[in-house]
$ cat final.cif   # mmCIF, C-alpha atoms
data_data
loop_
_atom_site.group_PDB
_atom_site.id
_atom_site.type_symbol
_atom_site.label_atom_id
_atom_site.label_comp_id
_atom_site.auth_asym_id
_atom_site.auth_seq_id
_atom_site.Cartn_x
_atom_site.Cartn_y
_atom_site.Cartn_z
ATOM 1 C CA MET R 1 118.346 137.826 122.062
ATOM 2 C CA ALA R 2 118.844 134.724 124.170
ATOM 3 C CA GLY R 3 115.104 134.197 124.296
ATOM 4 C CA LEU R 4 115.003 133.823 120.518
ATOM 5 C CA VAL R 5 117.063 130.653 120.817
ATOM 6 C CA CYS R 6 114.356 128.721 122.582
ATOM 7 C CA LEU R 7 111.432 130.691 121.161
ATOM 8 C CA ALA R 8 112.357 128.940 117.925
ATOM 9 C CA LEU R 9 111.228 125.668 119.477
ATOM 10 C CA ALA R 10 107.753 126.683 118.409
ATOM 11 C CA SER R 11 108.859 126.317 114.776
ATOM 12 C CA CYS R 12 109.600 123.209 112.734
ATOM 13 C CA GLY R 13 112.871 121.630 111.639
ATOM 14 C CA THR R 14 113.571 118.097 110.352
ATOM 15 C CA MET R 15 116.358 115.615 109.671
ATOM 16 C CA ALA R 16 117.588 113.584 106.687
ATOM 17 C CA ASP R 17 120.751 111.926 105.522
ATOM 18 C CA GLY R 18 123.094 113.688 103.135
ATOM 19 C CA SER R 19 121.497 112.091 100.100
ATOM 20 C CA GLY R 20 118.079 113.474 101.022
ATOM 21 C CA GLY R 21 116.732 110.147 102.307
ATOM 22 C CA ASN R 22 115.052 109.549 105.652
ATOM 23 C CA ILE R 23 117.694 108.175 108.027
ATOM 24 C CA LEU R 24 115.179 106.689 110.444
ATOM 25 C CA GLY R 25 113.331 105.006 107.590
ATOM 26 C CA SER R 26 116.520 103.364 106.352
ATOM 27 C CA ILE R 27 117.325 102.173 109.869
ATOM 28 C CA PHE R 28 113.835 100.658 110.192
ATOM 29 C CA GLY R 29 114.303 98.880 106.885
ATOM 30 C CA ALA R 30 117.702 97.435 107.742
ATOM 31 C CA ALA R 31 117.154 96.450 111.375
ATOM 32 C CA THR R 32 115.646 93.293 112.816
ATOM 33 C CA ASN R 33 113.251 92.994 115.742
ATOM 34 C CA GLY R 34 115.338 90.796 118.019
ATOM 35 C CA GLN R 35 118.023 93.256 119.111
ATOM 36 C CA SER R 36 116.124 95.626 121.342
ATOM 37 C CA LEU R 37 114.947 94.092 124.611
ATOM 38 C CA GLY R 38 118.232 94.308 126.504
ATOM 39 C CA ASN R 39 118.520 98.065 125.973
ATOM 40 C CA ILE R 40 114.947 99.282 126.305
ATOM 41 C CA LEU R 41 115.400 101.069 129.639
ATOM 42 C CA ILE R 42 118.211 103.279 128.380
ATOM 43 C CA SER R 43 116.576 104.039 125.030
ATOM 44 C CA VAL R 44 112.910 104.782 125.827
ATOM 45 C CA ILE R 45 111.559 107.850 127.592
ATOM 46 C CA GLY R 46 109.317 107.099 130.558
ATOM 47 C CA LEU R 47 110.216 103.518 131.445
ATOM 48 C CA ASP R 48 112.791 104.627 134.010
ATOM 49 C CA LYS R 49 111.405 107.863 135.470
ATOM 50 C CA PRO R 50 113.898 110.236 137.159
ATOM 51 C CA SER R 51 112.579 112.161 140.141
ATOM 52 C CA GLN R 52 112.618 115.938 140.357
ATOM 53 C CA ALA R 53 115.291 115.704 143.045
ATOM 54 C CA GLU R 54 117.546 113.966 140.524
ATOM 55 C CA LEU R 55 117.273 116.938 138.158
ATOM 56 C CA ILE R 56 118.690 119.395 140.685
ATOM 57 C CA GLY R 57 122.226 120.547 139.889
ATOM 58 C CA THR R 58 124.340 121.865 137.040
ATOM 59 C CA TRP R 59 124.521 119.645 133.958
ATOM 60 C CA TYR R 60 127.146 119.848 131.214
ATOM 61 C CA TYR R 61 126.885 118.532 127.668
ATOM 62 C CA GLN R 62 128.520 115.113 127.178
ATOM 63 C CA GLN R 63 127.250 113.762 123.841
ATOM 64 C CA PRO R 64 124.141 113.820 121.625
ATOM 65 C CA GLY R 65 121.063 112.481 123.352
ATOM 66 C CA VAL R 66 118.612 110.121 121.645
ATOM 67 C CA ALA R 67 115.536 108.296 122.939
ATOM 68 C CA PHE R 68 112.435 106.670 121.523
ATOM 69 C CA THR R 69 108.941 107.476 122.766
ATOM 70 C CA SER R 70 107.873 103.827 123.083
ATOM 71 C CA GLU R 71 109.386 100.373 123.378
ATOM 72 C CA ASN R 72 107.421 99.297 120.286
ATOM 73 C CA LEU R 73 109.177 101.896 118.141
ATOM 74 C CA LEU R 74 112.514 100.936 119.650
ATOM 75 C CA ALA R 75 111.953 97.255 118.875
ATOM 76 C CA LYS R 76 110.847 98.029 115.329
ATOM 77 C CA ALA R 77 113.968 100.130 114.751
ATOM 78 C CA GLY R 78 116.328 97.438 115.999
ATOM 79 C CA GLY R 79 116.930 98.577 119.570
ATOM 80 C CA GLU R 80 120.083 100.276 120.738
ATOM 81 C CA VAL R 81 121.633 99.695 117.300
ATOM 82 C CA ALA R 82 119.190 102.256 115.911
ATOM 83 C CA ALA R 83 119.706 104.701 118.774
ATOM 84 C CA SER R 84 123.479 104.488 118.281
ATOM 85 C CA LYS R 85 123.138 105.136 114.548
ATOM 86 C CA ILE R 86 121.011 108.219 115.109
ATOM 87 C CA ARG R 87 123.450 109.438 117.774
ATOM 88 C CA GLU R 88 126.350 109.097 115.323
ATOM 89 C CA GLU R 89 124.501 111.150 112.707
ATOM 90 C CA LEU R 90 123.628 113.807 115.276
ATOM 91 C CA ASN R 91 127.199 113.922 116.541
ATOM 92 C CA THR R 92 128.401 114.844 113.043
ATOM 93 C CA TYR R 93 126.214 117.931 113.112
ATOM 94 C CA TYR R 94 127.052 118.831 116.703
ATOM 95 C CA LYS R 95 130.752 118.826 115.882
ATOM 96 C CA GLN R 96 130.134 121.228 113.019
ATOM 97 C CA PHE R 97 128.008 123.407 115.259
ATOM 98 C CA GLY R 98 130.673 123.474 117.976
ATOM 99 C CA VAL R 99 128.551 122.020 120.784
ATOM 100 C CA SER R 100 130.724 121.457 123.880
ATOM 101 C CA SER R 101 130.572 121.031 127.649
ATOM 102 C CA SER R 102 131.662 124.654 128.076
ATOM 103 C CA ASN R 103 128.914 126.247 125.976
ATOM 104 C CA THR R 104 125.894 123.940 126.443
ATOM 105 C CA ILE R 105 124.854 123.794 130.104
ATOM 106 C CA ILE R 106 121.673 123.743 132.180
ATOM 107 C CA GLN R 107 121.223 124.241 135.911
ATOM 108 C CA PHE R 108 118.036 123.187 137.705
ATOM 109 C CA ASN R 109 117.512 124.726 141.141
ATOM 110 C CA GLN R 110 115.381 123.537 144.054
ATOM 111 C CA ASP R 111 113.201 126.659 143.857
ATOM 112 C CA ASN R 112 112.062 125.653 140.350
ATOM 113 C CA THR R 113 114.242 128.191 138.577
ATOM 114 C CA PHE R 114 116.694 127.258 135.858
ATOM 115 C CA ALA R 115 119.546 128.879 133.951
ATOM 116 C CA GLY R 116 121.786 127.674 131.179
ATOM 117 C CA LYS R 117 123.368 128.103 127.772
ATOM 118 C CA ILE R 118 122.825 126.660 124.312
ATOM 119 C CA LEU R 119 125.989 127.113 122.255
ATOM 120 C CA GLY R 120 126.935 129.904 124.647
ATOM 121 C CA LYS R 121 123.631 131.797 124.392
ATOM 122 C CA SER R 122 122.039 132.276 127.815
ATOM 123 C CA ILE R 123 118.535 131.196 128.834
ATOM 124 C CA SER R 124 116.837 131.389 132.234
ATOM 125 C CA GLY R 125 113.427 131.174 133.853
ATOM 126 C CA THR R 126 111.308 128.743 135.838
ATOM 127 C CA TYR R 127 110.437 125.094 135.297
ATOM 128 C CA THR R 128 107.960 122.447 136.342
ATOM 129 C CA TYR R 129 108.483 118.710 136.114
ATOM 130 C CA ASP R 130 105.911 115.951 135.619
ATOM 131 C CA GLN R 131 107.554 112.718 136.711
ATOM 132 C CA GLN R 132 104.768 110.620 135.214
ATOM 133 C CA THR R 133 105.467 111.849 131.674
ATOM 134 C CA CYS R 134 109.099 112.883 132.310
ATOM 135 C CA GLN R 135 108.288 116.279 130.776
ATOM 136 C CA ILE R 136 110.143 119.384 131.921
ATOM 137 C CA THR R 137 108.279 122.594 131.077
ATOM 138 C CA LEU R 138 110.752 125.467 130.817
ATOM 139 C CA LYS R 139 109.233 128.946 131.049
ATOM 140 C CA THR R 140 110.706 132.397 130.441
ATOM 141 C CA LEU R 141 109.097 135.780 129.855
ATOM 142 C CA LEU R 142 109.051 135.078 126.118
ATOM 143 C CA PHE R 143 108.210 131.410 125.706
ATOM 144 C CA THR R 144 107.208 128.069 127.176
ATOM 145 C CA MET R 145 109.400 125.157 126.037
ATOM 146 C CA PRO R 146 108.685 121.443 126.573
ATOM 147 C CA ALA R 147 111.628 119.095 127.114
ATOM 148 C CA TYR R 148 111.985 115.529 128.380
ATOM 149 C CA ALA R 149 114.260 114.013 131.020
ATOM 150 C CA LYS R 150 115.764 110.537 130.781
ATOM 151 C CA ARG R 151 118.223 108.930 133.159
ATOM 152 C CA THR R 152 121.438 107.698 131.501
ATOM 153 C CA VAL R 153 124.385 105.605 132.672
ATOM 154 C CA ASN R 154 126.464 108.729 133.347
ATOM 155 C CA GLY R 155 123.826 111.322 134.147
ATOM 156 C CA MET R 156 120.695 112.704 132.493
ATOM 157 C CA SER R 157 119.417 113.429 128.990
ATOM 158 C CA VAL R 158 117.524 116.626 128.183
ATOM 159 C CA LEU R 159 115.598 115.898 124.983
ATOM 160 C CA PHE R 160 113.264 117.703 122.591
ATOM 161 C CA GLU R 161 110.841 116.822 119.835
ATOM 162 C CA SER R 162 113.130 116.140 116.910
ATOM 163 C CA LYS R 163 111.424 118.492 114.477
ATOM 164 C CA LYS R 164 112.278 121.482 116.676
ATOM 165 C CA LEU R 165 115.979 120.858 117.223
ATOM 166 C CA LEU R 166 117.288 122.232 113.920
ATOM 167 C CA THR R 167 115.305 125.431 114.288
ATOM 168 C CA VAL R 168 116.872 126.032 117.687
ATOM 169 C CA LEU R 169 120.376 125.568 116.311
ATOM 170 C CA GLN R 170 119.708 127.736 113.276
ATOM 171 C CA THR R 171 118.368 130.513 115.500
ATOM 172 C CA VAL R 172 121.552 130.340 117.558
ATOM 173 C CA ALA R 173 123.473 130.655 114.297
ATOM 174 C CA ALA R 174 121.534 133.741 113.285
ATOM 175 C CA ILE R 175 122.249 135.385 116.634
ATOM 176 C CA SER R 176 125.928 134.429 116.671
ATOM 177 C CA GLY R 177 126.622 134.944 112.973
ATOM 178 C CA ASN R 178 127.825 131.346 112.578
ATOM 179 C CA ALA R 179 127.754 130.876 108.800
ATOM 180 C CA THR R 180 128.252 127.110 109.051
ATOM 181 C CA LEU R 181 125.114 126.678 111.108
ATOM 182 C CA GLN R 182 123.106 128.995 108.906
ATOM 183 C CA THR R 183 123.843 126.945 105.781
ATOM 184 C CA ILE R 184 123.326 123.450 107.235
ATOM 185 C CA GLY R 185 120.392 121.960 105.360
ATOM 186 C CA ASP R 186 120.740 118.206 105.815
ATOM 187 C CA LEU R 187 119.036 118.156 109.217
ATOM 188 C CA SER R 188 115.694 118.244 107.472
ATOM 189 C CA THR R 189 113.486 115.138 107.807
ATOM 190 C CA ASN R 190 111.545 114.582 111.009
ATOM 191 C CA TYR R 191 112.217 111.545 113.199
ATOM 192 C CA ASP R 192 108.709 110.564 114.280
ATOM 193 C CA GLY R 193 108.700 108.877 117.662
ATOM 194 C CA VAL R 194 112.239 109.996 118.549
ATOM 195 C CA ARG R 195 113.451 112.687 120.936
ATOM 196 C CA LEU R 196 116.818 114.321 120.310
ATOM 197 C CA GLY R 197 118.947 116.588 122.449
ATOM 198 C CA PHE R 198 121.825 116.400 124.871
ATOM 199 C CA ASP R 199 123.224 113.754 127.204
ATOM 200 C CA MET R 200 124.396 115.718 130.240
ATOM 201 C CA LYS R 201 126.517 114.988 133.294
ATOM 202 C CA LYS R 202 127.369 116.913 136.444
#

$ encode --input "final.cif" --output "structure tokens"
Amino acid sequence: MAGLVCLALASCGTMADGSGGNILGSIFGAATNGQSLGNILISVIGLDKPSQAELIGTWYYQQPGVAFTSENLLAKAGGEVAASKIREELNTYYKQFGVSSSNTIIQFNQDNTFAGKILGKSISGTYTYDQQTCQITLKTLLFTMPAYAKRTVNGMSVLFESKKLLTVLQTVAAISGNATLQTIGDLSTNYDGVRLGFDMKK
């Protein structure tokens, strides 16, 4: 059952605002180009590359995680202003879903095994890490799941392609019988060039 949670990462999900519009598109339209340079390192995957040694340990959910895939996209969106806006939108959903530090956890071990929970549903297996791309490849008997690591002020982000995040949460809902999660439909328009997930701390 737990494997179904992350097996769903092979499927598609997307994100929009409550009115059906594309949130990222509206942010692009409203933002200016001059706000981004001071916050690039904390908002772009791959510019500040954590080592595998830094991954080791048990990480607990802190807040929604957001990062852009390039500094050009970040600048176009208006820098950290855009990242903060997306994080606020994501936090609204996470609160409804019940994401917390007690039910969303991941532990990376030195022997390249991992274990954790997503909304209380257990996952475990092995992982590899490519520091050049910051990609963590999580493997279990049932699936292979790509994620991305990004150093934050307080710890580490574990991020996913945005289109896959809703499907993961909806699969958790189906397993747990959470009616709220099963009926959420607003998380439905893909954020191209953005990774979403969890800011974690030890």

$ residues_around --input "final.cif" --residues "R:Ile106" --least-positions-apart "6" --cutoff "6 Å" --atoms "all atoms listed in the file" --output "ChimeraX atom specification"
/R:58-59,115-116

$ closest_residue --input "final.cif" --among "R:Gln52, R:Thr126, R:Ser162, R:Gln63" --to "R:Leu196" --atoms "all atoms listed in the file"
R:Ser162

$ closest_residue --input "final.cif" --among "R:Ala83, R:Leu90, R:Ala53, R:Val66" --to "R:Phe160" --atoms "all atoms listed in the file"
R:Val66

$ atom_distance --input "final.cif" --atom1 "atom CA of R:Glu161" --atom2 "atom CA of R:Asn109"
23.7 Å

$ residues_near_point --input "final.cif" --point "(114.5, 123.6, 135.8)" --cutoff "8 Å" --atoms "all atoms listed in the file" --output "CSV table (one decimal) with C-alpha atoms, in the coordinates of the input"
chain,number,residue,atom,x,y,z
R,55,LEU,CA,117.3,116.9,138.2
R,56,ILE,CA,118.7,119.4,140.7
R,107,GLN,CA,121.2,124.2,135.9
R,108,PHE,CA,118.0,123.2,137.7
R,109,ASN,CA,117.5,124.7,141.1
R,112,ASN,CA,112.1,125.7,140.4
R,113,THR,CA,114.2,128.2,138.6
R,114,PHE,CA,116.7,127.3,135.9
R,115,ALA,CA,119.5,128.9,134.0
R,125,GLY,CA,113.4,131.2,133.9
R,126,THR,CA,111.3,128.7,135.8
R,127,TYR,CA,110.4,125.1,135.3
R,128,THR,CA,108.0,122.4,136.3
R,129,TYR,CA,108.5,118.7,136.1
R,136,ILE,CA,110.1,119.4,131.9
R,137,THR,CA,108.3,122.6,131.1
R,138,LEU,CA,110.8,125.5,130.8

$ resolve_selection --input "final.cif" --expression "the PyMOL selection byres ((chain R and resi 149) around 9)" --output "short mmCIF file (atom, residue, chain, number, x, y, z; two decimals) with C-alpha atoms, keeping the file's coordinate frame"
data_model
loop_
_atom_site.label_atom_id
_atom_site.label_comp_id
_atom_site.auth_asym_id
_atom_site.auth_seq_id
_atom_site.Cartn_x
_atom_site.Cartn_y
_atom_site.Cartn_z
CA ILE R 45 111.56 107.85 127.59
CA GLY R 46 109.32 107.10 130.56
CA LYS R 49 111.40 107.86 135.47
CA PRO R 50 113.90 110.24 137.16
CA LEU R 55 117.27 116.94 138.16
CA GLN R 131 107.55 112.72 136.71
CA CYS R 134 109.10 112.88 132.31
CA GLN R 135 108.29 116.28 130.78
CA ILE R 136 110.14 119.38 131.92
CA ALA R 147 111.63 119.10 127.11
CA TYR R 148 111.98 115.53 128.38
CA LYS R 150 115.76 110.54 130.78
CA ARG R 151 118.22 108.93 133.16
CA MET R 156 120.70 112.70 132.49
CA SER R 157 119.42 113.43 128.99
CA VAL R 158 117.52 116.63 128.18
CA LEU R 159 115.60 115.90 124.98
#

$ resolve_selection --input "final.cif" --expression "the PyMOL selection byres ((chain R and resi 155) around 6)" --output "short mmCIF file (atom, residue, chain, number, x, y, z; two decimals) with C-alpha atoms, in the frame of the given file"
data_model
loop_
_atom_site.label_atom_id
_atom_site.label_comp_id
_atom_site.auth_asym_id
_atom_site.auth_seq_id
_atom_site.Cartn_x
_atom_site.Cartn_y
_atom_site.Cartn_z
CA THR R 152 121.44 107.70 131.50
CA VAL R 153 124.38 105.60 132.67
CA ASN R 154 126.46 108.73 133.35
CA MET R 156 120.70 112.70 132.49
CA MET R 200 124.40 115.72 130.24
CA LYS R 201 126.52 114.99 133.29
#

$ atom_distance --input "final.cif" --atom1 "atom CA of R:Leu119" --atom2 "atom CA of R:Ser51"
26.9 Å

$ residues_near_point --input "final.cif" --point "(112.3, 110.0, 119.8)" --cutoff "6 Å" --atoms "all atoms listed in the file" --output "number ranges by chain"
R: 67-69, 193-195

$ atom_distance --input "final.cif" --atom1 "atom CA of R:Leu166" --atom2 "atom CA of R:Val81"
23.2 Å

$ axis_aligned_box --input "final.cif" --around "stretch 103-113 of chain R" --padding-each-side "6 Å" --output "JSON"
{"center_x": 120.5, "center_y": 125.7, "center_z": 135.0, "size_x": 28.9, "size_y": 17.0, "size_z": 30.1}

$ resolve_selection --input "final.cif" --expression "the PyMOL selection byres ((chain R and resi 141) around 10)" --output "JSON list (two decimals) with C-alpha atoms, keeping the file's coordinate frame"
[["chain", "number", "residue", "atom", "x", "y", "z"],
["R", 3, "GLY", "CA", 115.10, 134.20, 124.30],
["R", 124, "SER", "CA", 116.84, 131.39, 132.23],
["R", 125, "GLY", "CA", 113.43, 131.17, 133.85],
["R", 126, "THR", "CA", 111.31, 128.74, 135.84],
["R", 139, "LYS", "CA", 109.23, 128.95, 131.05],
["R", 140, "THR", "CA", 110.71, 132.40, 130.44],
["R", 142, "LEU", "CA", 109.05, 135.08, 126.12],
["R", 143, "PHE", "CA", 108.21, 131.41, 125.71],
["R", 144, "THR", "CA", 107.21, 128.07, 127.18]]
